[in-house]
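A.B. asks: Supplied structure: query-v9.cif, mmCIF, C-alpha atoms.
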data_model
loop_
_atom_site.label_atom_id
_atom_site.label_comp_id
_atom_site.auth_asym_id
_atom_site.auth_seq_id
_atom_site.Cartn_x
_atom_site.Cartn_y
_atom_site.Cartn_z
CA MET A 1 104.27 90.85 91.89
CA ARG A 2 102.78 93.27 94.42
CA ARG A 3 99.25 92.32 93.42
CA ASP A 4 99.96 88.59 93.79
CA PHE A 5 101.70 88.92 97.17
CA ARG A 6 99.06 91.29 98.53
CA ARG A 7 96.49 88.62 97.69
CA LEU A 8 98.58 85.97 99.49
CA ARG A 9 99.00 88.31 102.46
CA ARG A 10 95.25 88.96 102.73
CA ALA A 11 94.54 85.22 102.52
CA ALA A 12 97.10 84.48 105.26
CA GLN A 13 95.59 87.20 107.46
CA ALA A 14 92.09 85.77 106.96
CA ALA A 15 93.25 82.21 107.64
CA GLY A 16 95.14 82.88 110.87
CA GLY A 17 96.13 86.48 111.46
CA ALA A 18 95.51 86.45 115.22
CA ASP A 19 97.51 83.24 115.69
CA ALA A 20 100.32 84.68 113.53
CA ALA A 21 100.48 87.83 115.67
CA THR A 22 100.73 85.67 118.81
CA ALA A 23 103.49 83.59 117.19
CA LEU A 24 105.46 86.75 116.36
CA ALA A 25 105.23 87.98 119.95
CA ALA A 26 106.49 84.59 121.17
CA GLU A 27 109.68 85.23 119.16
CA ALA A 28 110.55 88.45 121.05
CA GLY A 29 113.26 86.74 123.12
CA ALA A 30 114.87 85.17 120.06
CA VAL A 31 114.78 88.51 118.26
CA ALA A 32 116.29 90.34 121.25
CA ALA A 33 119.10 87.76 121.40
CA ARG A 34 120.00 88.41 117.73
CA LEU A 35 120.29 92.19 118.07
CA PRO A 36 123.81 93.65 117.88
CA ARG A 37 123.01 96.00 120.79
CA PRO A 38 119.97 96.69 122.99
CA PRO A 39 117.67 99.20 121.28
CA ARG A 40 116.62 102.43 122.99
CA ARG A 41 113.49 102.89 120.86
CA ILE A 42 111.66 100.38 118.68
CA ALA A 43 109.24 101.39 115.94
CA GLY A 44 106.48 99.10 114.78
CA TYR A 45 103.45 99.93 112.67
CA VAL A 46 99.69 99.56 112.72
CA ALA A 47 98.76 96.81 110.28
CA ALA A 48 96.72 97.71 107.19
CA GLY A 49 95.74 95.92 104.00
CA GLY A 50 96.22 92.42 105.39
CA GLU A 51 99.63 93.12 106.94
CA ILE A 52 100.55 90.94 109.88
CA ASP A 53 99.80 92.62 113.23
CA VAL A 54 103.12 93.54 114.87
CA LEU A 55 101.75 95.41 117.89
CA PRO A 56 101.93 92.33 120.19
CA LEU A 57 105.53 91.80 119.01
CA LEU A 58 106.35 95.48 119.52
CA ILE A 59 105.03 95.34 123.09
CA ALA A 60 106.88 92.07 123.83
CA LEU A 61 110.15 93.40 122.36
CA GLY A 62 109.83 96.57 124.41
CA ALA A 63 109.37 94.48 127.55
CA ALA A 64 112.27 92.16 126.64
CA THR A 65 114.72 94.99 125.93
CA GLY A 66 113.45 97.88 128.06
CA ALA A 67 113.15 100.02 124.92
CA GLY A 68 110.59 102.74 124.35
CA LEU A 69 107.98 102.21 121.64
CA CYS A 70 107.24 104.30 118.56
CA LEU A 71 104.87 104.25 115.62
CA PRO A 72 105.37 105.89 112.22
CA VAL A 73 103.70 109.10 111.17
CA VAL A 74 103.02 109.78 107.51
CA THR A 75 103.01 113.54 107.02
CA ALA A 76 102.94 113.92 103.25
CA PRO A 77 103.65 111.99 100.06
CA ASP A 78 107.29 111.71 98.97
CA THR A 79 108.71 112.41 102.44
CA PRO A 80 110.46 110.22 105.03
CA LEU A 81 108.37 108.90 107.89
CA GLY A 82 108.32 110.65 111.22
CA PHE A 83 107.93 108.69 114.44
CA ARG A 84 106.06 109.40 117.65
CA ALA A 85 106.23 107.68 121.02
CA TRP A 86 103.47 105.17 121.68
CA GLN A 87 102.10 103.27 124.66
CA PRO A 88 99.75 100.30 124.24
CA ASP A 89 96.80 102.20 125.74
CA ALA A 90 97.43 105.43 123.80
CA ARG A 91 94.83 106.78 121.41
CA LEU A 92 95.51 106.43 117.68
CA VAL A 93 94.15 108.76 115.01
CA ALA A 94 93.79 108.36 111.26
CA GLY A 95 96.56 110.18 109.44
CA ALA A 96 97.51 110.52 105.79
CA PHE A 97 96.19 107.64 103.68
CA GLY A 98 93.96 106.60 106.62
CA ILE A 99 96.90 105.01 108.46
CA LEU A 100 96.49 104.94 112.25
CA MET A 101 99.18 106.79 114.17
CA PRO A 102 99.75 108.47 117.55
CA ASP A 103 98.12 111.88 117.82
CA GLU A 104 100.08 115.15 117.73
CA THR A 105 100.47 115.21 121.53
CA ALA A 106 102.80 112.18 121.40
CA ALA A 107 106.50 113.05 121.60
CA PRO A 108 108.67 112.65 118.50
CA CYS A 109 111.16 109.80 118.70
CA ALA A 110 114.01 108.41 116.63
CA PRO A 111 113.96 104.60 116.63
CA ASP A 112 117.14 102.57 116.40
CA LEU A 113 115.19 99.40 115.58
CA LEU A 114 112.52 99.30 112.87
CA LEU A 115 109.91 96.57 112.44
CA MET A 116 109.05 97.03 108.78
CA PRO A 117 105.98 95.92 106.85
CA LEU A 118 106.42 94.48 103.39
CA VAL A 119 104.66 92.89 100.46
CA ALA A 120 107.36 90.31 99.66
CA VAL A 121 110.91 89.52 100.76
CA ASP A 122 113.63 87.17 99.57
CA PRO A 123 116.29 85.18 101.45
CA ALA A 124 118.86 87.95 100.85
CA GLY A 125 116.66 90.39 102.77
CA ARG A 126 115.54 92.37 99.74
CA ARG A 127 112.17 93.87 100.61
CA LEU A 128 109.34 94.74 98.25
CA GLY A 129 107.29 97.43 99.95
CA GLN A 130 103.90 98.94 99.22
CA GLY A 131 105.38 101.12 96.49
CA GLY A 132 105.18 104.54 98.14
CA GLY A 133 108.87 104.64 99.07
CA PHE A 134 108.29 105.87 102.63
CA TYR A 135 110.63 103.38 104.27
CA ASP A 136 113.24 103.78 101.52
CA ARG A 137 113.31 107.57 102.08
CA THR A 138 113.33 107.07 105.86
CA LEU A 139 116.31 104.73 105.72
CA ALA A 140 118.18 106.97 103.28
CA ALA A 141 117.68 109.98 105.58
CA ALA A 142 118.77 107.98 108.64
CA GLU A 143 121.86 106.69 106.86
CA ALA A 144 122.78 110.21 105.69
CA ALA A 145 122.49 111.39 109.31
CA GLY A 146 124.66 108.51 110.55
CA GLN A 147 121.70 107.02 112.46
CA MET A 148 120.89 103.88 110.49
CA PRO A 149 118.47 101.72 112.48
CA PHE A 150 118.59 97.94 112.67
CA THR A 151 115.82 96.66 110.36
CA ILE A 152 113.54 93.65 110.74
CA GLY A 153 111.07 92.81 107.99
CA VAL A 154 107.91 91.28 109.43
CA CYS A 155 105.53 89.22 107.31
CA PHE A 156 103.63 85.99 106.84
CA ALA A 157 105.76 83.06 105.68
CA VAL A 158 103.88 83.02 102.33
CA GLN A 159 105.43 86.43 101.57
CA VAL A 160 108.95 84.99 101.41
CA THR A 161 109.88 84.31 97.79
CA ASP A 162 112.97 83.30 95.83
CA GLU A 163 113.87 86.76 94.53
CA VAL A 164 112.63 90.32 94.90
CA PRO A 165 113.70 92.99 92.43
CA ALA A 166 115.98 95.57 94.02
CA GLY A 167 117.22 98.96 92.95
CA PRO A 168 120.42 100.82 93.86
CA LEU A 169 118.74 102.65 96.78
CA ASP A 170 117.25 99.52 98.34
CA ARG A 171 118.85 98.41 101.59
CA PRO A 172 118.59 94.75 102.61
CA LEU A 173 116.90 93.93 105.89
CA ASP A 174 119.02 92.85 108.86
CA LEU A 175 116.53 90.13 109.89
CA ILE A 176 113.22 88.70 108.69
CA LEU A 177 110.52 87.47 111.07
CA THR A 178 107.51 85.38 110.07
CA GLU A 179 104.97 83.48 112.14
CA GLN A 180 107.19 80.43 111.50
CA GLY A 181 110.29 82.00 113.01
CA LEU A 182 113.33 84.17 112.52
CA LEU A 183 115.31 84.22 109.26
CA VAL A 184 118.80 85.63 108.91
CA PRO A 185 119.29 87.01 105.39
CA VAL A 186 121.92 85.27 103.30
CA ARG A 187 124.32 87.78 101.78
#
Before we go any further, please render this structure as structure tokens.
C.D. replies:
Amino acid sequence: MRRDFRRLRRAAQAAGGADAATALAAEAGAVAARLPRPPRRIAGYVAAGGEIDVLPLLIALGAATGAGLCLPVVTAPDTPLGFRAWQPDARLVAGAFGILMPDETAAPCAPDLLLMPLVAVDPAGRRLGQGGGFYDRTLAAAEAAGQMPFTIGVCFAVQVTDEVPAGPLDRPLDLILTEQGLLVPVR
């Protein structure tokens, strides 16, 4: 399933990735209106492997809500993600697995809203990730600390499928955003 949806994701990126990123950013107001409370810090990610570019959305959401911006930091395999503050003009460096992230001079931050990448998602908000478990561990640690962030899965519309396998530790997304608009998971 991952292989098939990664292929679809790469094809969607090649066919209209820049337009899709612009469409996501145009949804910032609609996303902000659906949030249960204004976020203090929003974490996005730097797209890799054909993922949809969420940086324009991250910037637009920050402007719409007044929230600070963060990006994830991968420190080691089998650990939760860390997060560092980010500004649109800040320098990014290659971290573990070649993923771009803020350098070590950026302040740590704890986001209360996560824009999450994914390989596939279903209408119930079940997310199929890359397979490394970084977001699963991050959400489990946040939940254990009583600091569960609001989660928005961000993807191309072709990544939405009828059903995604889920395990007992998987947490459904609060919202799903594609270049075609906002989806509220059906529970």
A.B. asks: Counting all atoms listed in the file, note down every residue that has an atom within 10 Å of the point (98.1, 97.5, 103.1) (file coordinates), as a PyMOL selection string.
C.D. replies: chain A and resi 6+9-10+46-52+99+117-119+129-130
A.B. asks: Excluding Arg137 of chain A and any residue of its chain fewer than 6 positions from it, enumerate the residues within 9 Å of it, using all atoms listed in the file, and give them as a PyMOL selection string.
C.D. replies: chain A and resi 78-81
A.B. asks: With only C-alpha atoms as the basis for distance, which of A:Ala23, A:Ala90, A:Leu71, A:Val158 is at the shortest distance from Asp4 of chain A?
C.D. replies: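 So, comparing all the options, the nearest one is A:Val158.
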A.B. asks: What gap, in Å, lies between atom CA of Leu61 of chain A and atom CA of Leu173 of chain A?
C.D. replies: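 So the two atoms, atom CA of Leu61 of chain A and atom CA of Leu173 of chain A, lie 17.8 Å apart.
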A.B. asks: Which is closest to Leu55 of chain A among A:Leu24, A:Thr151, A:Val31, A:Gly82, if we use only C-alpha atoms?
C.D. replies: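 Going through A:Leu24, A:Thr151, A:Val31, A:Gly82 one by one, the smallest distance to Leu55 of chain A is for A:Leu24.
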A.B. asks: Just want the 10 Å neighbourhood of Gly62 of chain A, counted on all atoms listed in the file, with same-chain residues fewer than 4 positions away dropped. Output as a ChimeraX atom specification.
C.D. replies: /A:28,32,39-43,56-58,66-69
A.B. asks: Check the smallest atom-to-atom distance from each of A:Ile176, A:Ala110, A:Val73, A:Val154 to Gly98 of chain A using all atoms listed in the file, then report the winner.
C.D. replies: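 The answer is A:Val73, which sits nearest to Gly98 of chain A.
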A.B. asks: Quick one: which residues end up in the PyMOL selection byres ((chain A and resi 167) around 12) for this structure, as a ChimeraX atom specification?
C.D. replies: /A:126-128,133,136,164-166,168-172
A.B. asks: May I ask which of the residues A:Thr65, A:Gly131, A:Ala11, A:Gly44 is the closest one to Ala30 of chain A, counting all atoms listed in the file?
C.D. replies: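 That would be A:Thr65, the residue with the smallest distance to Ala30 of chain A.
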A.B. asks: Excluding Pro77 of chain A and residues on its chain fewer than 4 positions from it, collect all residues at most 9 Å away from it, counting all atoms listed in the file, and give them as number ranges by chain.
C.D. replies: A: 96, 132, 134
A.B. asks: Evaluate the PyMOL selection byres ((chain A and resi 149) around 12) on the structure here and hand back the selected residues as a PDB file with C-alpha atoms, in the frame of the given file.
C.D. replies:
ATOM      1  CA  LEU A  35     120.290  92.190 118.070  1.00  0.00           C
ATOM      2  CA  PRO A  36     123.810  93.650 117.880  1.00  0.00           C
ATOM      3  CA  ARG A  37     123.010  96.000 120.790  1.00  0.00           C
ATOM      4  CA  PRO A  38     119.970  96.690 122.990  1.00  0.00           C
ATOM      5  CA  PRO A  39     117.670  99.200 121.280  1.00  0.00           C
ATOM      6  CA  ARG A  40     116.620 102.430 122.990  1.00  0.00           C
ATOM      7  CA  ARG A  41     113.490 102.890 120.860  1.00  0.00           C
ATOM      8  CA  ILE A  42     111.660 100.380 118.680  1.00  0.00           C
ATOM      9  CA  ALA A  43     109.240 101.390 115.940  1.00  0.00           C
ATOM     10  CA  ALA A 110     114.010 108.410 116.630  1.00  0.00           C
ATOM     11  CA  PRO A 111     113.960 104.600 116.630  1.00  0.00           C
ATOM     12  CA  ASP A 112     117.140 102.570 116.400  1.00  0.00           C
ATOM     13  CA  LEU A 113     115.190  99.400 115.580  1.00  0.00           C
ATOM     14  CA  LEU A 114     112.520  99.300 112.870  1.00  0.00           C
ATOM     15  CA  LEU A 115     109.910  96.570 112.440  1.00  0.00           C
ATOM     16  CA  MET A 116     109.050  97.030 108.780  1.00  0.00           C
ATOM     17  CA  TYR A 135     110.630 103.380 104.270  1.00  0.00           C
ATOM     18  CA  THR A 138     113.330 107.070 105.860  1.00  0.00           C
ATOM     19  CA  LEU A 139     116.310 104.730 105.720  1.00  0.00           C
ATOM     20  CA  ALA A 140     118.180 106.970 103.280  1.00  0.00           C
ATOM     21  CA  ALA A 141     117.680 109.980 105.580  1.00  0.00           C
ATOM     22  CA  ALA A 142     118.770 107.980 108.640  1.00  0.00           C
ATOM     23  CA  GLU A 143     121.860 106.690 106.860  1.00  0.00           C
ATOM     24  CA  ALA A 144     122.780 110.210 105.690  1.00  0.00           C
ATOM     25  CA  ALA A 145     122.490 111.390 109.310  1.00  0.00           C
ATOM     26  CA  GLY A 146     124.660 108.510 110.550  1.00  0.00           C
ATOM     27  CA  GLN A 147     121.700 107.020 112.460  1.00  0.00           C
ATOM     28  CA  MET A 148     120.890 103.880 110.490  1.00  0.00           C
ATOM     29  CA  PHE A 150     118.590  97.940 112.670  1.00  0.00           C
ATOM     30  CA  THR A 151     115.820  96.660 110.360  1.00  0.00           C
ATOM     31  CA  ILE A 152     113.540  93.650 110.740  1.00  0.00           C
ATOM     32  CA  ARG A 171     118.850  98.410 101.590  1.00  0.00           C
ATOM     33  CA  LEU A 173     116.900  93.930 105.890  1.00  0.00           C
ATOM     34  CA  ASP A 174     119.020  92.850 108.860  1.00  0.00           C
TER      35      ASP A 174
END
A.B. asks: Using Å and a single decimal, report how far atom CA of Phe5 of chain A sits from atom CA of Pro185 of chain A.
C.D. replies: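 Between these atoms lies a distance of 19.5 Å.
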A.B. asks: As an exercise, work out the distance from atom CA of Glu104 of chain A to atom CA of Ile59 of chain A in Å and give it to one decimal place.
C.D. replies: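 Rounded to one decimal, the two atoms are 21.1 Å apart.
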A.B. asks: List every protein, DNA or RNA residue that has at least one atom no more than 12 Å from (101.5, 79.9, 111.8) in the file's coordinates, counting all atoms listed in the file, and write the result as a list in words.
C.D. replies: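 The answer, in the requested form, is Ala12, Gln13, Ala15, Gly16, Gly17, Ala18, Asp19, Ala20, Ala21, Thr22, Ala23, Leu24, Ala26, Ile52, Cys155, Phe156, Ala157, Val158, Leu177, Thr178, Glu179, Gln180 and Gly181 of chain A.
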A.B. asks: If the PyMOL selection byres ((chain A and resi 108) around 9) is run on the structure shown, which residues does it catch, given as a PyMOL selection string?
C.D. replies: chain A and resi 70+82-85+104+106-107+109-110
A.B. asks: Which polymer residues have any atom within 9 Å of an atom of Pro123 of chain A, counting all atoms listed in the file, with same-chain residues fewer than 5 positions away left out, as a list of chain:residue names?
C.D. replies: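 Close residues of Pro123 of chain A: A:Val160, A:Thr161, A:Asp162, A:Glu163, A:Ile176, A:Leu183, A:Val184, A:Pro185, A:Val186, A:Arg187.
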A.B. asks: Please, can segment 70-84 of chain A be completed to N, CA, C and O atoms and returned as a PDB file, keeping the file's coordinate frame?
C.D. replies:
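To be explicit, this is the file written out as rebuild_0.pdb:
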ATOM      1  N   CYS A  70     107.604 103.243 119.495  1.00  0.00           N
ATOM      2  CA  CYS A  70     107.240 104.300 118.560  1.00  0.00           C
ATOM      3  C   CYS A  70     106.372 103.720 117.452  1.00  0.00           C
ATOM      4  O   CYS A  70     106.450 102.534 117.159  1.00  0.00           O
ATOM      5  N   LEU A  71     105.611 104.597 116.828  1.00  0.00           N
ATOM      6  CA  LEU A  71     104.870 104.250 115.620  1.00  0.00           C
ATOM      7  C   LEU A  71     105.150 105.305 114.566  1.00  0.00           C
ATOM      8  O   LEU A  71     105.407 106.470 114.896  1.00  0.00           O
ATOM      9  N   PRO A  72     105.085 104.923 113.285  1.00  0.00           N
ATOM     10  CA  PRO A  72     105.370 105.890 112.220  1.00  0.00           C
ATOM     11  C   PRO A  72     104.243 106.882 112.025  1.00  0.00           C
ATOM     12  O   PRO A  72     103.080 106.597 112.312  1.00  0.00           O
ATOM     13  N   VAL A  73     104.638 108.032 111.499  1.00  0.00           N
ATOM     14  CA  VAL A  73     103.700 109.100 111.170  1.00  0.00           C
ATOM     15  C   VAL A  73     103.957 109.488 109.722  1.00  0.00           C
ATOM     16  O   VAL A  73     105.073 109.850 109.361  1.00  0.00           O
ATOM     17  N   VAL A  74     102.929 109.360 108.904  1.00  0.00           N
ATOM     18  CA  VAL A  74     103.020 109.780 107.510  1.00  0.00           C
ATOM     19  C   VAL A  74     102.516 111.217 107.446  1.00  0.00           C
ATOM     20  O   VAL A  74     101.366 111.491 107.786  1.00  0.00           O
ATOM     21  N   THR A  75     103.389 112.123 107.047  1.00  0.00           N
ATOM     22  CA  THR A  75     103.010 113.540 107.020  1.00  0.00           C
ATOM     23  C   THR A  75     102.603 114.031 105.647  1.00  0.00           C
ATOM     24  O   THR A  75     101.742 114.894 105.534  1.00  0.00           O
ATOM     25  N   ALA A  76     103.236 113.494 104.615  1.00  0.00           N
ATOM     26  CA  ALA A  76     102.940 113.920 103.250  1.00  0.00           C
ATOM     27  C   ALA A  76     103.544 112.917 102.272  1.00  0.00           C
ATOM     28  O   ALA A  76     104.484 112.196 102.627  1.00  0.00           O
ATOM     29  N   PRO A  77     103.029 112.875 101.054  1.00  0.00           N
ATOM     30  CA  PRO A  77     103.650 111.990 100.060  1.00  0.00           C
ATOM     31  C   PRO A  77     105.102 112.408  99.799  1.00  0.00           C
ATOM     32  O   PRO A  77     105.479 113.563 100.000  1.00  0.00           O
ATOM     33  N   ASP A  78     105.907 111.446  99.384  1.00  0.00           N
ATOM     34  CA  ASP A  78     107.290 111.710  98.970  1.00  0.00           C
ATOM     35  C   ASP A  78     108.173 112.287 100.058  1.00  0.00           C
ATOM     36  O   ASP A  78     109.111 113.041  99.779  1.00  0.00           O
ATOM     37  N   THR A  79     107.878 111.968 101.319  1.00  0.00           N
ATOM     38  CA  THR A  79     108.710 112.410 102.440  1.00  0.00           C
ATOM     39  C   THR A  79     109.087 111.202 103.291  1.00  0.00           C
ATOM     40  O   THR A  79     108.411 110.177 103.248  1.00  0.00           O
ATOM     41  N   PRO A  80     110.158 111.304 104.084  1.00  0.00           N
ATOM     42  CA  PRO A  80     110.460 110.220 105.030  1.00  0.00           C
ATOM     43  C   PRO A  80     109.375 110.163 106.113  1.00  0.00           C
ATOM     44  O   PRO A  80     108.654 111.140 106.354  1.00  0.00           O
ATOM     45  N   LEU A  81     109.284 109.037 106.765  1.00  0.00           N
ATOM     46  CA  LEU A  81     108.370 108.900 107.890  1.00  0.00           C
ATOM     47  C   LEU A  81     108.897 109.665 109.083  1.00  0.00           C
ATOM     48  O   LEU A  81     110.101 109.784 109.281  1.00  0.00           O
ATOM     49  N   GLY A  82     107.985 110.162 109.888  1.00  0.00           N
ATOM     50  CA  GLY A  82     108.320 110.650 111.220  1.00  0.00           C
ATOM     51  C   GLY A  82     107.925 109.546 112.188  1.00  0.00           C
ATOM     52  O   GLY A  82     107.243 108.597 111.817  1.00  0.00           O
ATOM     53  N   PHE A  83     108.316 109.669 113.434  1.00  0.00           N
ATOM     54  CA  PHE A  83     107.930 108.690 114.440  1.00  0.00           C
ATOM     55  C   PHE A  83     107.525 109.411 115.706  1.00  0.00           C
ATOM     56  O   PHE A  83     108.108 110.438 116.056  1.00  0.00           O
ATOM     57  N   ARG A  84     106.516 108.855 116.376  1.00  0.00           N
ATOM     58  CA  ARG A  84     106.060 109.400 117.650  1.00  0.00           C
ATOM     59  C   ARG A  84     106.017 108.269 118.680  1.00  0.00           C
ATOM     60  O   ARG A  84     105.727 107.118 118.356  1.00  0.00           O
TER      61      ARG A  84
END
